[in-house]
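Source file input.txt; content: compact mmCIF, C-alpha atoms.
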# COMPACT_ATOMS: atom_id res chain seq x y z
CA MET G 135 -1.66 -37.49 -6.78
CA GLN G 136 -2.45 -39.96 -9.51
CA TYR G 137 0.62 -42.05 -8.59
CA TYR G 138 -0.45 -41.96 -4.96
CA LEU G 139 -3.91 -43.24 -5.85
CA LYS G 140 -2.44 -45.87 -8.16
CA GLY G 141 -0.27 -47.12 -5.36
CA LYS G 142 -3.09 -47.16 -2.84
CA LEU G 143 -5.85 -48.62 -5.00
CA ASN G 144 -3.80 -50.58 -7.53
CA ILE G 145 -5.65 -49.42 -10.65
CA GLY G 146 -4.30 -48.06 -13.91
CA ILE G 147 -3.47 -44.36 -14.30
CA ASP G 148 -5.89 -43.97 -17.21
CA THR G 149 -8.75 -45.32 -15.11
CA ILE G 150 -7.98 -42.84 -12.36
CA GLN G 151 -7.79 -39.97 -14.83
CA HIS G 152 -11.16 -40.92 -16.35
CA ALA G 153 -12.66 -41.23 -12.89
CA VAL G 154 -11.47 -37.77 -11.84
CA GLU G 155 -12.63 -36.21 -15.10
CA GLY G 156 -16.02 -37.93 -14.83
CA LEU G 157 -16.51 -36.77 -11.25
CA ALA G 158 -15.53 -33.21 -12.13
CA TYR G 159 -17.90 -33.19 -15.10
CA LEU G 160 -20.76 -34.56 -12.97
CA LEU G 161 -20.26 -31.91 -10.30
CA THR G 162 -19.76 -28.93 -12.64
CA GLU G 163 -22.74 -29.77 -14.84
CA SER G 164 -25.00 -30.36 -11.84
CA SER G 165 -23.85 -27.12 -10.19
CA LYS G 166 -24.12 -25.19 -13.47
CA LEU G 167 -27.76 -26.23 -13.91
CA MET G 168 -28.46 -26.05 -10.17
CA ILE G 169 -30.49 -29.24 -10.31
CA SER G 170 -32.55 -30.35 -7.33
CA GLU G 171 -31.63 -33.27 -5.05
CA VAL G 172 -34.30 -35.49 -6.62
CA ASP G 173 -33.09 -34.81 -10.16
CA PHE G 174 -29.48 -35.47 -9.13
CA GLN G 175 -30.41 -38.77 -7.52
CA ASP G 176 -32.43 -39.82 -10.57
CA SER G 177 -29.55 -38.93 -12.88
CA ILE G 178 -26.92 -40.96 -11.05
CA HIS G 179 -29.29 -43.86 -10.42
CA VAL G 180 -28.88 -44.97 -14.06
CA LEU G 181 -25.15 -45.46 -13.45
CA GLY G 182 -25.95 -48.44 -11.25
CA PHE G 183 -23.79 -47.58 -8.24
CA SER G 184 -24.44 -48.80 -4.73
CA ASP G 185 -26.84 -46.82 -2.52
CA GLU G 186 -24.01 -45.77 -0.23
CA LEU G 187 -22.03 -44.35 -3.18
CA ASN G 188 -25.12 -42.52 -4.47
CA LYS G 189 -25.62 -40.98 -1.06
CA SER G 190 -21.99 -39.78 -0.80
CA LEU G 191 -22.14 -38.35 -4.35
CA LEU G 192 -25.31 -36.45 -3.42
CA GLN G 193 -23.69 -35.12 -0.26
CA LEU G 194 -20.60 -34.08 -2.23
CA TYR G 195 -22.82 -32.23 -4.69
CA LEU G 196 -24.82 -30.42 -2.01
CA ASP G 197 -21.76 -29.44 0.02
CA ASN G 198 -19.81 -28.01 -2.87
CA ARG G 199 -22.29 -26.59 -5.32
CA LYS G 200 -22.25 -23.05 -3.95
CA GLU G 201 -18.48 -22.78 -4.27
CA ILE G 202 -18.46 -24.39 -7.70
CA ARG G 203 -21.10 -21.92 -8.85
CA SER G 204 -19.10 -18.95 -7.62
CA ILE G 205 -15.98 -20.18 -9.44
CA LEU G 206 -18.02 -20.77 -12.63
CA GLY G 207 -19.36 -17.23 -12.29
CA GLU G 208 -15.83 -15.84 -12.49
CA LEU G 209 -15.19 -17.52 -15.82
CA ALA G 210 -17.55 -15.31 -17.81
CA PRO G 211 -15.80 -12.76 -20.08
CA ARG G 212 -15.64 -9.27 -18.67
CA LEU G 213 -15.43 -5.79 -20.08
CA PRO G 214 -12.82 -3.45 -18.66
CA SER G 215 -14.11 -2.05 -15.41
CA TYR G 216 -13.37 1.10 -13.47
CA HIS G 217 -10.45 0.96 -11.06
CA SER G 218 -9.59 4.57 -10.25
CA LEU G 219 -9.38 8.05 -11.72
CA GLU G 220 -6.49 10.48 -11.33
CA TRP G 221 -7.12 14.05 -12.38
CA ARG G 222 -5.50 17.46 -12.48
CA LEU G 223 -6.66 20.96 -13.29
CA GLU G 224 -4.28 23.01 -15.40
CA VAL G 225 -4.19 26.31 -17.27
CA GLN G 226 -2.35 26.90 -20.53
CA LEU G 227 -0.75 30.33 -20.34
CA ALA G 228 1.33 30.45 -23.49
CA SER G 229 2.44 28.36 -26.42
CA ARG G 230 5.04 28.73 -29.08
CA SER G 231 2.54 30.39 -31.40
CA LEU G 232 0.54 32.51 -28.95
CA ARG G 233 1.37 34.26 -25.69
CA GLN G 234 -1.01 35.70 -23.08
CA GLN G 235 -3.53 32.89 -23.16
CA ILE G 236 -5.78 31.54 -20.46
CA LYS G 237 -6.99 28.08 -21.41
CA PRO G 238 -8.15 25.86 -18.53
CA ALA G 239 -8.24 22.10 -19.02
CA VAL G 240 -8.80 19.00 -16.94
CA THR G 241 -6.46 16.08 -17.59
CA MET G 242 -7.59 12.68 -16.39
CA LYS G 243 -6.02 9.25 -16.25
CA LEU G 244 -8.66 6.52 -16.13
CA HIS G 245 -7.32 3.28 -14.65
CA LEU G 246 -9.17 0.19 -15.84
CA ASN G 247 -9.13 -3.46 -14.77
CA GLN G 248 -9.84 -6.33 -17.09
CA ASN G 249 -9.29 -9.88 -15.83
CA GLU G 250 -6.27 -8.81 -13.78
CA ASP G 251 -4.85 -6.69 -16.62
CA GLN G 252 -4.45 -3.07 -15.75
CA SER G 253 -4.63 -0.44 -18.42
CA ALA G 254 -4.81 3.34 -18.31
CA GLN G 255 -6.40 5.84 -20.65
CA VAL G 256 -5.38 9.51 -20.63
CA LEU G 257 -8.14 12.00 -21.43
CA GLN G 258 -8.25 15.76 -21.53
CA THR G 259 -11.25 18.04 -21.59
CA ASP G 260 -12.19 21.70 -21.17
CA PRO G 261 -14.47 22.65 -18.25
CA ALA G 262 -17.62 22.98 -20.42
CA THR G 263 -17.32 19.42 -21.74
CA LEU G 264 -16.58 18.20 -18.23
CA LEU G 265 -19.81 19.76 -16.97
CA HIS G 266 -21.68 18.09 -19.83
CA LEU G 267 -20.05 14.75 -18.93
CA ILE G 268 -21.10 15.14 -15.29
CA GLN G 269 -24.63 15.99 -16.38
CA GLN G 270 -24.87 12.88 -18.56
CA LEU G 271 -23.56 10.63 -15.80
CA GLU G 272 -25.99 12.12 -13.28
CA GLN G 273 -28.82 11.49 -15.74
CA ALA G 274 -27.69 7.87 -16.03
CA LEU G 275 -27.69 7.51 -12.24
CA GLY G 276 -31.12 9.14 -12.15
CA GLU G 277 -32.47 6.37 -14.40
CA MET G 278 -31.98 3.93 -11.53
CA LYS G 279 -34.64 5.81 -9.58
CA MET G 280 -37.21 5.63 -12.36
CA ASN G 281 -40.14 3.23 -11.99
CA HIS G 282 -39.01 0.98 -14.83
CA CYS G 283 -35.61 0.26 -13.22
CA ARG G 284 -37.12 -0.02 -9.74
CA ARG G 285 -39.58 -2.68 -10.93
CA ILE G 286 -36.82 -4.80 -12.47
CA VAL G 287 -34.53 -4.49 -9.43
CA ARG G 288 -37.41 -5.48 -7.11
CA ASN G 289 -38.11 -8.58 -9.19
CA MET G 290 -34.47 -9.61 -9.23
CA LYS G 291 -34.06 -9.64 -5.46
CA MET D 94 -22.47 18.67 8.53
CA ARG D 95 -19.66 19.93 6.35
CA PHE D 96 -16.09 19.31 7.33
CA ARG D 97 -13.07 21.14 5.97
CA PHE D 98 -10.86 18.08 6.17
CA CYS D 99 -13.35 16.25 3.92
CA GLY D 100 -13.17 19.04 1.37
CA ASP D 101 -16.25 20.88 2.66
CA LEU D 102 -18.37 17.78 2.19
CA ASP D 103 -20.07 15.42 4.62
CA CYS D 104 -17.85 13.04 6.51
CA PRO D 105 -18.02 9.53 4.94
CA ASP D 106 -20.11 7.06 6.97
CA TRP D 107 -17.28 4.57 7.37
CA VAL D 108 -15.02 7.22 8.90
CA LEU D 109 -17.73 8.10 11.39
CA ALA D 110 -18.13 4.44 12.28
CA GLU D 111 -14.40 3.94 12.88
CA ILE D 112 -14.00 6.96 15.20
CA SER D 113 -15.33 4.81 18.04
CA THR D 114 -12.67 2.17 17.25
CA LEU D 115 -9.99 4.86 17.49
CA ALA D 116 -11.32 5.89 20.89
CA LYS D 117 -10.71 2.35 22.20
CA ILE D 118 -6.93 2.77 21.78
CA SER D 119 -5.08 4.88 24.37
CA SER D 120 -4.11 8.33 23.15
CA VAL D 121 -0.37 7.68 23.59
CA LYS D 122 -0.54 4.50 21.49
CA LEU D 123 -2.71 6.28 18.91
CA LYS D 124 0.01 8.88 18.41
CA LEU D 125 2.56 6.11 17.78
CA ILE D 126 0.22 4.40 15.31
CA CYS D 127 -0.18 7.77 13.55
CA ALA D 128 3.59 7.95 13.20
CA GLN D 129 3.57 4.58 11.44
CA VAL D 130 0.69 5.56 9.15
CA LEU D 131 2.54 8.78 8.27
CA ARG D 132 5.59 6.70 7.32
CA ASP D 133 3.42 4.72 4.93
CA LEU D 134 1.90 7.88 3.43
CA LEU D 135 5.38 9.33 2.95
CA GLY D 136 6.46 6.27 1.00
CA GLU D 137 8.55 4.51 3.64
CA ALA D 138 7.85 0.96 4.77
CA ILE D 139 5.11 0.56 7.35
CA GLU D 140 5.95 -1.64 10.34
CA TYR D 141 2.76 -3.65 10.67
CA ASP D 142 4.07 -5.72 13.61
CA LYS D 143 4.57 -2.59 15.69
CA ILE D 144 0.99 -1.54 14.98
CA LEU D 145 -0.26 -5.00 15.98
CA LYS D 146 1.65 -4.74 19.24
CA LEU D 147 0.25 -1.26 19.94
CA THR D 148 -3.32 -2.37 19.29
CA SER D 149 -3.08 -5.61 21.27
CA ASP D 150 -4.00 -3.84 24.55
CA ALA D 151 -7.23 -2.55 23.07
CA LYS D 152 -8.03 -6.15 22.03
CA LEU D 153 -8.88 -5.18 18.47
CA GLU D 154 -9.57 -7.88 15.88
CA SER D 155 -7.47 -7.97 12.72
CA GLY D 156 -10.31 -6.33 10.77
CA ASP D 157 -10.40 -3.47 13.29
CA VAL D 158 -6.62 -2.97 13.04
CA LYS D 159 -6.88 -2.59 9.26
CA ALA D 160 -9.84 -0.26 9.68
CA THR D 161 -7.82 1.88 12.12
CA ILE D 162 -4.97 2.20 9.63
CA ALA D 163 -7.44 3.01 6.84
CA VAL D 164 -9.26 5.71 8.78
CA LEU D 165 -6.02 7.34 9.98
CA SER D 166 -4.68 7.28 6.41
CA PHE D 167 -7.83 8.96 5.20
CA ILE D 168 -7.88 11.65 7.90
CA LEU D 169 -4.21 12.57 7.55
CA SER D 170 -4.04 12.57 3.75
CA SER D 171 -7.38 14.32 3.33
CA ALA D 172 -6.39 17.04 5.82
CA ALA D 173 -3.11 17.58 3.95
CA LYS D 174 -4.96 17.57 0.62
CA HIS D 175 -7.27 20.39 1.70
CA ASN D 176 -4.53 22.24 3.57
CA VAL D 177 -6.29 22.12 6.93
CA ASP D 178 -4.32 23.51 9.88
CA SER D 179 -3.90 21.25 12.88
CA GLU D 180 -6.20 23.24 15.24
CA SER D 181 -9.16 23.11 12.83
CA LEU D 182 -8.53 19.40 12.31
CA SER D 183 -8.50 18.82 16.07
CA SER D 184 -11.81 20.65 16.58
CA GLU D 185 -13.46 18.86 13.63
CA LEU D 186 -12.34 15.44 14.92
CA GLN D 187 -13.73 16.29 18.36
CA GLN D 188 -17.04 17.23 16.70
CA LEU D 189 -17.07 13.71 15.23
CA GLY D 190 -16.73 12.25 18.71
CA LEU D 191 -12.99 11.64 19.05
CA PRO D 192 -11.88 12.37 22.66
CA LYS D 193 -9.80 15.52 23.17
CA GLU D 194 -6.46 13.87 24.07
CA HIS D 195 -6.71 11.53 21.07
CA ALA D 196 -7.48 14.42 18.73
CA SER D 197 -4.64 16.58 20.01
CA GLY D 198 -2.14 13.68 19.81
CA LEU D 199 -3.20 12.96 16.24
CA CYS D 200 -3.00 16.61 15.25
CA ARG D 201 0.43 17.07 16.77
CA SER D 202 1.75 14.20 14.62
CA TYR D 203 -0.04 15.72 11.64
CA GLU D 204 1.42 19.17 12.26
CA ASP D 205 4.99 17.85 12.31
CA LYS D 206 4.63 16.13 9.00
CA GLN D 207 2.11 18.35 7.22
CA SER D 208 4.52 20.00 4.78
CA SER D 209 6.37 16.76 3.93
CA LEU D 210 3.00 15.07 3.35
CA GLN D 211 1.93 17.88 1.03
CA ASP D 212 5.24 17.69 -0.86
CA ARG D 213 4.77 13.96 -1.30
CA LEU D 214 1.18 14.40 -2.51
CA ARG D 215 2.34 17.09 -4.93
CA ALA D 216 4.97 14.69 -6.33
CA CYS D 217 2.35 11.95 -6.74
CA SER D 218 -0.05 14.18 -8.67
CA LEU D 219 -0.99 13.18 -12.18
CA ARG D 220 1.91 13.61 -14.51
CA LEU D 221 2.12 11.99 -17.88
CA SER D 222 5.81 11.74 -18.48
CA GLN D 223 8.97 13.14 -17.00
CA LEU D 224 12.30 14.11 -18.50
CA GLY D 225 15.01 12.10 -16.79
CA SER D 226 18.15 13.46 -18.40
CA VAL D 227 19.55 14.91 -21.61
CA CYS D 228 22.79 13.79 -23.26
CA TRP D 229 24.39 15.64 -26.12
CA ARG D 230 27.23 15.37 -28.54
CA VAL D 231 28.50 17.77 -31.21
CA ASP D 232 29.85 16.27 -34.42
CA TYR D 233 31.42 17.86 -37.46
CA THR D 234 30.53 16.33 -40.80
CA LEU D 235 33.55 16.48 -43.07
CA SER D 236 32.29 14.79 -46.19
CA SER D 237 29.44 12.62 -47.48
CA SER D 238 28.44 10.51 -50.46
CA GLU D 239 26.49 13.50 -51.82
CA LEU D 240 29.04 16.26 -51.42
CA GLN D 241 32.79 16.02 -50.98
CA GLU D 242 33.27 19.03 -48.66
CA VAL D 243 30.38 19.35 -46.23
CA ASN D 244 32.07 20.95 -43.20
CA GLU D 245 28.97 21.33 -41.03
CA PRO D 246 28.48 20.90 -37.28
CA LEU D 247 25.75 18.58 -36.06
CA VAL D 248 24.18 18.20 -32.62
CA HIS D 249 23.01 14.81 -31.32
CA LEU D 250 20.59 15.02 -28.41
CA THR D 251 19.19 12.07 -26.46
CA PHE D 252 16.21 12.76 -24.18
CA ASN D 253 15.72 10.09 -21.54
CA VAL D 254 11.99 10.17 -20.81
CA ARG D 255 10.48 8.29 -17.90
CA ASP D 256 6.94 6.98 -18.29
CA ARG D 257 5.23 7.71 -14.97
CA GLU D 258 3.35 4.44 -14.96
CA CYS D 259 5.83 1.70 -15.77
CA GLU D 260 8.98 3.40 -14.46
CA LYS D 261 10.59 2.65 -17.80
CA MET D 262 13.13 5.01 -19.36
CA THR D 263 12.71 5.56 -23.07
CA ALA D 264 15.55 7.16 -25.00
CA VAL D 265 14.49 9.60 -27.70
CA PRO D 266 17.42 10.48 -29.96
CA VAL D 267 17.29 13.64 -32.09
CA THR D 268 19.83 15.03 -34.54
CA LEU D 269 19.80 18.72 -35.43
CA SER D 270 21.75 21.05 -37.66
CA ALA D 271 23.29 24.19 -36.11
CA ASN D 272 20.46 26.49 -37.29
CA LYS D 273 17.66 24.22 -36.11
CA PHE D 274 19.38 23.89 -32.78
CA ARG D 275 19.60 27.67 -32.44
CA VAL D 276 15.86 27.96 -33.07
CA LEU D 277 15.11 25.23 -30.51
CA LEU D 278 17.33 26.89 -27.93
CA ALA D 279 15.77 30.33 -28.49
CA GLU D 280 12.22 28.95 -28.12
CA LEU D 281 13.10 27.01 -24.99
CA LYS D 282 14.74 30.10 -23.48
CA GLN D 283 11.53 32.06 -24.11
CA ALA D 284 9.52 29.33 -22.39
CA GLN D 285 11.96 29.41 -19.47
CA THR D 286 11.55 33.19 -19.07
CA LEU D 287 7.77 32.73 -18.99
CA MET D 288 8.11 30.00 -16.34
CA ASN D 289 10.33 32.22 -14.23
CA THR D 290 7.73 35.00 -14.21
CA LEU D 291 5.31 32.54 -12.59
CA LEU D 292 7.57 31.19 -9.88

Give the structure from this file in structure tokens form.
Amino acid sequence: MQYYLKGKLNIGIDTIQHAVEGLAYLLTESSKLMISEVDFQDSIHVLGFSDELNKSLLQLYLDNRKEIRSILGELAPRLPSYHSLEWRLEVQLASRSLRQQIKPAVTMKLHLNQNEDQSAQVLQTDPATLLHLIQQLEQALGEMKMNHCRRIVRNMK
Amino acid sequence: MRFRFCGDLDCPDWVLAEISTLAKISSVKLKLICAQVLRDLLGEAIEYDKILKLTSDAKLESGDVKATIAVLSFILSSAAKHNVDSESLSSELQQLGLPKEHASGLCRSYEDKQSSLQDRLRACSLRLSQLGSVCWRVDYTLSSSELQEVNEPLVHLTFNVRDRECEKMTAVPVTLSANKFRVLLAELKQAQTLMNTLL
């Protein structure tokens, strides 16, 4: 693309590269800070461009800032997040050391996603611990219905 | 309302919403689409173009076509999961608002493939690793740097274990003396007898 522009506009490659980088920086910083139209116009005014150029830069900013913001949002580091859970219920009936057992267990494979990396964690628990786990998770969900959480969620909307 | 094909729970809202989309397709075409969805659930390739052709009469948008495939996948696999017979499935689908001919067409396709579906679901159940094959070799040690006349048999075993996730085969080599091997064999035979009592 740079060679194309060089051919069309007859300027050096370095100049084009600086121009592209400058434009990208202007747009990402403005979108990052979500500055108003007035502030944007004031900021580029000091560069001393023509009115027409200032107007097109402003239009470029306004048209693209939503998309730029969504792309910038994706760049933040992420913790592994839940993808899916496979489970099975099994009963241990005998082992090398002891016959005539009845030992139920739940084996789970937790699939996690982290920035397009998939990993899996295998866990095993007895039914009592599983019930405790369910209880804890239901308590955590219940917190969302408490007044404190409700107030914060209402203010965020 | 509790439905057996949903595991004695309420029917999910999205399934309820898509039943009306299913009713837009003719019952004959719905049965053919079911056949395609069953192919996908059984692990064969789904022929998406055929489904597009079958849904073109009903003038469904591309989002609706995907929703149709999703809801049929859910109904068929969930019914197989909870071992629902085809008559109960038909009556439950009619309770949700699916017309009678559509429900009976769907359930006939389900009935034909119910046991293969359940076999496939059983094979896909959580399993940590799987023994692929065992190779063995018996050697006879004649002599070593420690002792001039050893004269002992030795068994080399290689277990080829497949990791369920990455489809990779790992080879686990083991070398045993004759006595150790006898102990291993006796224990495994005991385990096999126990397994046979359960079959």

Write out as number ranges by chain the residues lying within 12 Å of G:Lys200, counting only C-alpha atoms and excluding same-chain residues fewer than 2 positions away. G: 161-162, 164-168, 194-198, 202-207

Please tabulate, as CSV, the residues of chain D that come within 9 Å of chain G, each with its closest pair of atoms and the distance in Å to one decimal, counting all atoms listed in the file and ordering rows by chain, then residue number upward.
residue,atom,partner,partner_atom,distance
D:Ser218,CA,G:Arg222,CA,7.4
D:Leu219,CA,G:Glu220,CA,6.2
D:Arg220,CA,G:Arg222,CA,8.6
D:Leu221,CA,G:Val256,CA,8.4
D:Glu258,CA,G:Ala254,CA,8.9
D:Glu280,CA,G:Arg230,CA,7.2
D:Gln283,CA,G:Arg230,CA,8.8
D:Ala284,CA,G:Arg230,CA,8.1
D:Leu287,CA,G:Ala228,CA,8.2

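Residues in contact range of D:Ile168, defined as at most 10 Å between only C-alpha atoms, with sequence neighbours fewer than 5 positions away removed, read Phe98, Cys99, Val108, Ala163, Ala173, Lys174, Leu182, Leu186, Leu199 and Tyr203 of chain D.
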
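Going from atom CA of G:Met280 over to atom CA of G:Tyr216, you cover 24.3 Å.
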
Long-range neighbours of stretch 184-188 of chain G as a PyMOL selection string, 12 Å cut-off, only C-alpha atoms, 5 positions minimum in chain: chain G and resi 171-172+174-179+193-195

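If you look at atom CA of D:Trp107 and atom CA of D:Ala160, they are 9.2 Å away from each other.
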
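Here atom CA of D:Val177 and atom CA of D:Lys124 stand 18.6 Å from one another.
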
Using all atoms listed in the file, which protein or nucleic acid residues come within 9 Å of D:Ala271? Drop anything in the same chain fewer than 6 positions from it, and give the result as JSON, numbers by chain. {"D": [245, 246, 247, 248]}

8 Å contact set for D:Ala116, all atoms listed in the file, chain neighbours under 2 positions out, as a VMD selection string: chain D and resid 112 to 114 118 to 120 191 to 192 195

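The closest residue to D:Val267, picked from D:Ala151, D:Val231, D:Ala172, D:Leu102 and counting all atoms listed in the file, is D:Val231.
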
Counting all atoms listed in the file, which residues sit no farther than 12 Å from the position (-3.0, 12.4, 6.0) in the file's frame? I'd like them as a PyMOL selection string. chain D and resi 98-99+127-135+162-179+182+199-200+202-214

Would you mind exporting the chosen residues as a compact mmCIF listing (two decimals), in the coordinates of the input, restricted to C-alpha atoms?
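The resulting file, result18.txt, is reproduced below:
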# COMPACT_ATOMS: atom_id res chain seq x y z
CA PHE D 98 -10.86 18.08 6.17
CA CYS D 99 -13.35 16.25 3.92
CA CYS D 127 -0.18 7.77 13.55
CA ALA D 128 3.59 7.95 13.20
CA GLN D 129 3.57 4.58 11.44
CA VAL D 130 0.69 5.56 9.15
CA LEU D 131 2.54 8.78 8.27
CA ARG D 132 5.59 6.70 7.32
CA ASP D 133 3.42 4.72 4.93
CA LEU D 134 1.90 7.88 3.43
CA LEU D 135 5.38 9.33 2.95
CA ILE D 162 -4.97 2.20 9.63
CA ALA D 163 -7.44 3.01 6.84
CA VAL D 164 -9.26 5.71 8.78
CA LEU D 165 -6.02 7.34 9.98
CA SER D 166 -4.68 7.28 6.41
CA PHE D 167 -7.83 8.96 5.20
CA ILE D 168 -7.88 11.65 7.90
CA LEU D 169 -4.21 12.57 7.55
CA SER D 170 -4.04 12.57 3.75
CA SER D 171 -7.38 14.32 3.33
CA ALA D 172 -6.39 17.04 5.82
CA ALA D 173 -3.11 17.58 3.95
CA LYS D 174 -4.96 17.57 0.62
CA HIS D 175 -7.27 20.39 1.70
CA ASN D 176 -4.53 22.24 3.57
CA VAL D 177 -6.29 22.12 6.93
CA ASP D 178 -4.32 23.51 9.88
CA SER D 179 -3.90 21.25 12.88
CA LEU D 182 -8.53 19.40 12.31
CA LEU D 199 -3.20 12.96 16.24
CA CYS D 200 -3.00 16.61 15.25
CA SER D 202 1.75 14.20 14.62
CA TYR D 203 -0.04 15.72 11.64
CA GLU D 204 1.42 19.17 12.26
CA ASP D 205 4.99 17.85 12.31
CA LYS D 206 4.63 16.13 9.00
CA GLN D 207 2.11 18.35 7.22
CA SER D 208 4.52 20.00 4.78
CA SER D 209 6.37 16.76 3.93
CA LEU D 210 3.00 15.07 3.35
CA GLN D 211 1.93 17.88 1.03
CA ASP D 212 5.24 17.69 -0.86
CA ARG D 213 4.77 13.96 -1.30
CA LEU D 214 1.18 14.40 -2.51
